[in-house]
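Engineer: This is the content of model_36.txt (compact mmCIF, C-alpha atoms and all ligand atoms):
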# COMPACT_ATOMS: atom_id res chain seq x y z
CA MET M 620 388.09 -2.55 78.94
CA LYS M 621 385.23 -0.80 80.70
CA THR M 622 382.94 -1.88 83.52
CA CYS M 623 379.44 -3.09 82.73
CA ASP M 624 376.92 -0.84 84.52
CA GLN M 625 374.51 -3.76 84.80
CA CYS M 626 376.59 -6.63 86.23
CA GLY M 627 379.85 -4.88 87.17
CA LYS M 628 382.00 -7.17 85.00
CA LYS M 629 385.04 -5.81 83.14
CA ALA M 630 384.33 -6.25 79.44
CA GLN M 631 384.26 -4.75 75.95
CA THR M 632 381.08 -2.79 76.61
CA VAL M 633 378.52 -1.20 74.30
CA GLU M 634 376.76 2.05 75.11
CA VAL M 635 373.00 1.66 75.44
CA ARG M 636 370.20 4.18 75.73
CA ILE M 637 367.63 3.19 78.34
CA THR M 638 364.19 4.79 78.24
CA ASP M 639 361.91 3.95 81.17
CA GLU M 640 359.81 5.57 83.89
CA MET M 641 362.96 7.32 85.21
CA GLY M 642 363.52 9.04 81.86
CA VAL M 643 366.36 8.57 79.40
CA ARG M 644 369.87 7.61 80.46
CA TYR M 645 372.97 6.13 78.89
CA CYS M 646 374.84 3.13 80.32
CA GLU M 647 377.60 0.71 79.31
CA PHE M 648 376.50 -2.92 78.89
CA CYS M 649 378.66 -6.02 78.43
CA PRO M 650 377.68 -8.40 75.56
CA ASP M 651 376.04 -10.84 78.03
CA CYS M 652 373.80 -8.16 79.52
CA LEU M 653 373.04 -6.79 76.05
CA LYS M 654 371.83 -10.24 74.96
CA LYS M 655 369.70 -10.53 78.09
CA TYR M 656 367.89 -7.31 77.12
CA TRP M 657 367.76 -8.18 73.39
CA ASN M 658 363.94 -8.25 73.37
CA ASP M 659 363.45 -5.30 75.69
CA PRO M 660 362.40 -2.23 73.67
CA ARG M 661 363.53 0.09 76.49
CA VAL M 662 367.17 -0.84 75.93
CA LEU M 663 368.80 0.20 72.65
CA PRO M 664 372.52 0.20 71.79
CA THR M 665 373.71 3.56 70.48
CA ARG M 666 376.71 2.32 68.50
CA PHE M 667 376.54 0.80 65.08
CA LYS M 668 377.69 -2.70 65.81
CA ASP M 669 375.86 -5.87 64.95
CA LEU M 670 375.66 -8.81 67.27
CA PRO M 671 378.24 -11.30 65.97
CA ASP M 672 375.70 -14.05 65.24
CA ALA M 673 373.13 -11.84 63.50
CA GLU M 674 371.82 -12.92 60.07
CA PRO M 675 372.34 -10.61 57.05
CA PHE M 676 370.02 -7.63 57.03
CA PHE M 677 368.68 -5.61 54.06
CA MET M 678 367.42 -2.04 53.98
CA THR M 679 365.81 0.13 51.33
CA THR M 680 363.76 3.31 50.95
CA THR M 681 361.68 1.59 48.24
CA ASN M 682 359.00 -1.06 48.73
CA GLY M 683 361.03 -4.15 47.93
CA PHE M 684 364.23 -5.72 46.65
CA GLU M 685 365.04 -6.94 43.18
CA GLY M 686 365.12 -10.74 43.21
CA TYR M 687 363.49 -11.07 46.63
CA ARG M 688 359.91 -11.33 47.77
CA ILE M 689 358.33 -10.33 51.06
CA VAL M 690 357.03 -13.39 52.87
CA GLU M 691 355.94 -11.80 56.15
CA TYR M 692 355.13 -8.35 57.54
CA LYS M 693 356.38 -7.77 61.09
CA GLY M 694 355.11 -4.23 61.67
CA ILE M 695 356.24 -0.64 61.51
CA VAL M 696 359.32 0.51 63.41
CA PHE M 697 359.85 4.11 64.42
CA ASP M 698 362.50 6.14 66.19
CA GLU M 699 363.40 9.77 66.68
CA SER M 700 366.35 11.80 67.89
CA LEU M 701 366.56 15.33 69.13
CA THR M 702 369.92 17.06 69.23
CA GLY M 703 371.38 20.46 70.01
CA ILE M 704 373.58 22.00 67.32
CA GLY M 705 375.72 24.17 69.62
CA PHE M 706 374.60 27.60 68.42
CA ARG M 707 371.34 29.48 68.01
CA THR M 708 369.74 30.12 64.66
CA THR M 709 366.45 31.49 63.44
CA MET M 710 365.84 28.56 61.13
CA LYS M 711 362.46 26.95 60.74
CA SER M 712 363.19 25.06 57.55
CA PHE M 713 366.02 23.93 55.31
CA GLY M 714 365.55 27.09 53.23
CA ASP M 715 366.22 29.27 56.27
CA MET M 716 369.19 27.13 57.15
CA PHE M 717 370.90 27.66 53.83
CA ALA M 718 370.23 31.40 53.98
CA SER M 719 371.29 32.09 57.57
CA LEU M 720 374.32 29.93 58.40
CA SER M 721 378.02 30.52 57.86
CA GLY M 722 380.04 27.84 56.05
CA ASP M 723 381.41 26.39 59.30
CA GLN M 724 377.98 26.33 60.93
CA MET M 725 376.51 24.69 57.85
CA LYS M 726 379.16 21.99 57.99
CA ALA M 727 378.50 21.41 61.71
CA VAL M 728 374.77 21.04 61.06
CA THR M 729 375.11 18.72 58.06
CA ASP M 730 377.68 16.58 59.93
CA ARG M 731 375.36 16.30 62.91
CA MET M 732 372.44 15.40 60.65
CA GLY M 733 374.47 12.68 58.96
CA GLN M 734 375.34 11.28 62.38
CA LEU M 735 371.69 11.38 63.51
CA LYS M 736 370.64 9.60 60.36
CA GLU M 737 373.16 6.81 60.95
CA GLU M 738 372.01 6.43 64.56
CA LEU M 739 368.38 6.26 63.48
CA VAL M 740 369.07 3.68 60.78
CA PHE M 741 370.91 1.56 63.30
CA ARG M 742 368.08 1.74 65.83
CA LEU M 743 365.41 0.94 63.23
CA LYS M 744 367.43 -2.07 62.18
CA TYR M 745 367.86 -3.15 65.80
CA LYS M 746 364.12 -2.85 66.49
CA ALA M 747 363.29 -4.70 63.26
CA ARG M 748 365.60 -7.55 64.29
CA GLN M 749 363.85 -7.70 67.65
CA LEU M 750 360.60 -8.30 65.74
CA GLY M 751 362.24 -11.17 63.86
CA ALA M 752 362.59 -9.26 60.56
CA ASN M 753 365.53 -9.61 58.16
CA ALA M 754 364.79 -6.46 56.17
CA LEU M 755 363.36 -2.96 56.35
CA VAL M 756 361.45 -1.50 53.41
CA GLY M 757 360.05 1.97 52.76
CA ILE M 758 362.45 3.74 55.11
CA ASP M 759 361.48 7.39 55.43
CA PHE M 760 363.20 10.30 57.21
CA GLU M 761 361.81 13.59 58.43
CA THR M 762 363.76 16.53 59.81
CA THR M 763 362.21 19.34 61.80
CA PHE M 764 363.60 22.31 63.74
CA PRO M 765 361.75 22.34 67.06
CA GLY M 766 363.79 25.24 68.51
CA PRO M 767 366.46 27.81 67.58
CA ASP M 768 369.36 25.51 68.48
CA ALA M 769 367.97 22.02 67.89
CA ILE M 770 367.30 19.51 65.14
CA MET M 771 364.86 16.67 65.40
CA MET M 772 365.03 13.78 63.02
CA SER M 773 362.59 10.91 62.86
CA ALA M 774 362.57 7.79 60.77
CA ASN M 775 360.22 4.90 60.15
CA GLY M 776 360.12 1.79 58.05
CA THR M 777 358.27 -1.48 57.66
CA ALA M 778 359.94 -4.56 59.14
CA VAL M 779 359.56 -7.61 56.90
CA ARG M 780 361.00 -11.02 56.22
CA ILE M 781 362.23 -11.45 52.66
CA ARG M 782 363.27 -14.53 50.74
CA LYS M 783 365.10 -14.91 47.44
CA SER M 784 362.63 -15.36 44.58
CA LYS M 785 362.96 -18.50 42.49
CA GLU M 786 364.63 -17.93 39.12
CA LYS M 787 362.07 -17.48 36.35
CA PRO M 788 362.41 -20.08 33.55
CA ASP M 789 363.30 -18.51 30.16
ZN ZN M 801 377.02 -7.03 82.19
Written as C-alpha cells, that's how I'd like the structure from this file.
Ligand SMILES: [Zn+2]
Structural biologist:
Amino acid sequence: MKTCDQCGKKAQTVEVRITDEMGVRYCEFCPDCLKKYWNDPRVLPTRFKDLPDAEPFFMTTTNGFEGYRIVEYKGIVFDESLTGIGFRTTMKSFGDMFASLSGDQMKAVTDRMGQLKEELVFRLKYKARQLGANALVGIDFETTFPGPDAIMMSANGTAVRIRKSKEKPD
C-alpha cells in the first residue's frame, strides 16, 4: 500500500502524469482521486490498467472493424513521449540505428520503443474514453530521433463509438 499524493490516504495507488502550468510531474493517486480527475486532460495514468467498470474498448490501425459500424465521431486523440536511451548515438533515422548500434544497444532501444508504444496506446485509449468513445480507429505511430541519446514517439487516432452491425439476410 502506498500513500495517495492527492488526499493522503493509504491505498492501492496508480501513478499519474500531471501536465500543468508547473510543468510535468509524476504522482501516486488512489482510485477515488483518479475518478475525480477522470475528465481532466492534465491528469493521465501511466500504467496500463483499466478502471474496473470500464466498457470493452476496441483499437485498430485500419479505418473500421469487421461486423461493426461507426455511429459517432468523437475527435482525434494525440499523445507523444520523449525518452532517453542511456547512451549517445549518431542516429538520425532507423537506417543509422541499424548500422551504428551494437547488439545490446539495439536490444535496449527496441525494448524501450516497445515500452513507449504501449504507454502511448494506453494514453490514447484513456483520452478516447474521456471523450466517450468505445473505439479508436486509424491509429498511427511516428518515431523520430530529436537528439543523440533520445527517442521521441508520437501516436494519434480517431476516437469513435462503434456498434455491432445487424446481420445481413442471406
Ligand atoms: Zn486520493
Engineer: Show me a table, sorted first by chain and then by increasing residue number, of the residues of chain M having an atom at most 12 Å from ligand ZN 801 (chain M), each with its shortest atom pair and the distance in Å to one decimal, counting only C-alpha atoms and all ligand atoms and written as JSON lines.
Structural biologist:
{"residue": "M:Lys621", "atom": "CA", "partner": "M:ZN801", "partner_atom": "ZN", "distance": 10.4}
{"residue": "M:Thr622", "atom": "CA", "partner": "M:ZN801", "partner_atom": "ZN", "distance": 8.0}
{"residue": "M:Cys623", "atom": "CA", "partner": "M:ZN801", "partner_atom": "ZN", "distance": 4.7}
{"residue": "M:Asp624", "atom": "CA", "partner": "M:ZN801", "partner_atom": "ZN", "distance": 6.6}
{"residue": "M:Gln625", "atom": "CA", "partner": "M:ZN801", "partner_atom": "ZN", "distance": 4.9}
{"residue": "M:Cys626", "atom": "CA", "partner": "M:ZN801", "partner_atom": "ZN", "distance": 4.1}
{"residue": "M:Gly627", "atom": "CA", "partner": "M:ZN801", "partner_atom": "ZN", "distance": 6.1}
{"residue": "M:Lys628", "atom": "CA", "partner": "M:ZN801", "partner_atom": "ZN", "distance": 5.7}
{"residue": "M:Lys629", "atom": "CA", "partner": "M:ZN801", "partner_atom": "ZN", "distance": 8.2}
{"residue": "M:Ala630", "atom": "CA", "partner": "M:ZN801", "partner_atom": "ZN", "distance": 7.8}
{"residue": "M:Gln631", "atom": "CA", "partner": "M:ZN801", "partner_atom": "ZN", "distance": 9.8}
{"residue": "M:Thr632", "atom": "CA", "partner": "M:ZN801", "partner_atom": "ZN", "distance": 8.1}
{"residue": "M:Val633", "atom": "CA", "partner": "M:ZN801", "partner_atom": "ZN", "distance": 9.9}
{"residue": "M:Glu634", "atom": "CA", "partner": "M:ZN801", "partner_atom": "ZN", "distance": 11.5}
{"residue": "M:Val635", "atom": "CA", "partner": "M:ZN801", "partner_atom": "ZN", "distance": 11.7}
{"residue": "M:Cys646", "atom": "CA", "partner": "M:ZN801", "partner_atom": "ZN", "distance": 10.6}
{"residue": "M:Glu647", "atom": "CA", "partner": "M:ZN801", "partner_atom": "ZN", "distance": 8.3}
{"residue": "M:Phe648", "atom": "CA", "partner": "M:ZN801", "partner_atom": "ZN", "distance": 5.3}
{"residue": "M:Cys649", "atom": "CA", "partner": "M:ZN801", "partner_atom": "ZN", "distance": 4.2}
{"residue": "M:Pro650", "atom": "CA", "partner": "M:ZN801", "partner_atom": "ZN", "distance": 6.8}
{"residue": "M:Asp651", "atom": "CA", "partner": "M:ZN801", "partner_atom": "ZN", "distance": 5.7}
{"residue": "M:Cys652", "atom": "CA", "partner": "M:ZN801", "partner_atom": "ZN", "distance": 4.3}
{"residue": "M:Leu653", "atom": "CA", "partner": "M:ZN801", "partner_atom": "ZN", "distance": 7.3}
{"residue": "M:Lys654", "atom": "CA", "partner": "M:ZN801", "partner_atom": "ZN", "distance": 9.5}
{"residue": "M:Lys655", "atom": "CA", "partner": "M:ZN801", "partner_atom": "ZN", "distance": 9.1}
{"residue": "M:Tyr656", "atom": "CA", "partner": "M:ZN801", "partner_atom": "ZN", "distance": 10.4}
Engineer: Between atom CA of M:Asp698 and atom CA of M:Met641, what is the distance in Å, rounded to a tenth?
Structural biologist: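 Interatomic distance, atom CA of M:Asp698 to atom CA of M:Met641: 19.1 Å.
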Engineer: Contacts of stretch 674-685 of chain M at 7 Å or less, counting all atoms listed in the file, minus same-chain residues fewer than 3 places along, as a list in words?
Structural biologist: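 Residues near the query, excluding close chain neighbours: Asn753, Ala754, Leu755, Val756, Gly757, Ile758 and Asp759 of chain M.
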Engineer: With C-alpha atoms kept, could you save the residues just selected as a tab-separated table (two decimals), in the frame of the given file?
Structural biologist:
chain	number	residue	atom	x	y	z
M	753	ASN	CA	365.53	-9.61	58.16
M	754	ALA	CA	364.79	-6.46	56.17
M	755	LEU	CA	363.36	-2.96	56.35
M	756	VAL	CA	361.45	-1.50	53.41
M	757	GLY	CA	360.05	1.97	52.76
M	758	ILE	CA	362.45	3.74	55.11
M	759	ASP	CA	361.48	7.39	55.43
Engineer: Check the smallest atom-to-atom distance from each of M:Arg644, M:Val779, M:Leu720, M:Thr762 to M:Gln749 using all atoms listed in the file, then report the winner.
Structural biologist: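 Among M:Arg644, M:Val779, M:Leu720, M:Thr762, it is M:Val779 that comes nearest to M:Gln749.
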Engineer: Return the single residue from M:Arg748, M:Arg636, M:Lys783, M:Lys736 that is closest to M:Arg661, with distances computed using all atoms listed in the file.
Structural biologist: M:Arg636
Engineer: Write out as a VMD selection string the residues lying within 10 Å of stretch 744-747 of chain M, counting only C-alpha atoms and excluding same-chain residues fewer than 5 positions away.
Structural biologist: chain M and resid 657 to 660 663 to 664 667 to 670 676 to 678 693 to 698 738 to 739 752 to 755 776 to 780
Engineer: Rounded to one decimal place, report the atom CA of M:Val643-atom CA of M:Thr702 distance in Å.
Structural biologist: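 About the pair atom CA of M:Val643 and atom CA of M:Thr702: they are 13.7 Å apart.
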Engineer: Give the padded box for stretch 721-736 of chain M as lines of an AutoDock Vina configuration file: axis-aligned, covering all atoms listed in the file, 5 Å on each side, centre and edge lengths in Å to one decimal.
Structural biologist:
center_x = 376.0
center_y = 20.1
center_z = 59.8
size_x = 20.8
size_y = 30.9
size_z = 17.5
Engineer: What is the distance between atom CA of M:Asp730 and atom CA of M:Ile770, in Å to one decimal?
Structural biologist: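 A separation of 12.0 Å between them.
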Engineer: Find the residue from M:Ala774, M:Tyr645, M:Met620, M:Thr665 that sits nearest to M:Val740; use all atoms listed in the file when measuring.
Structural biologist: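 Looking at the shortest contact to M:Val740, the residue is M:Ala774.
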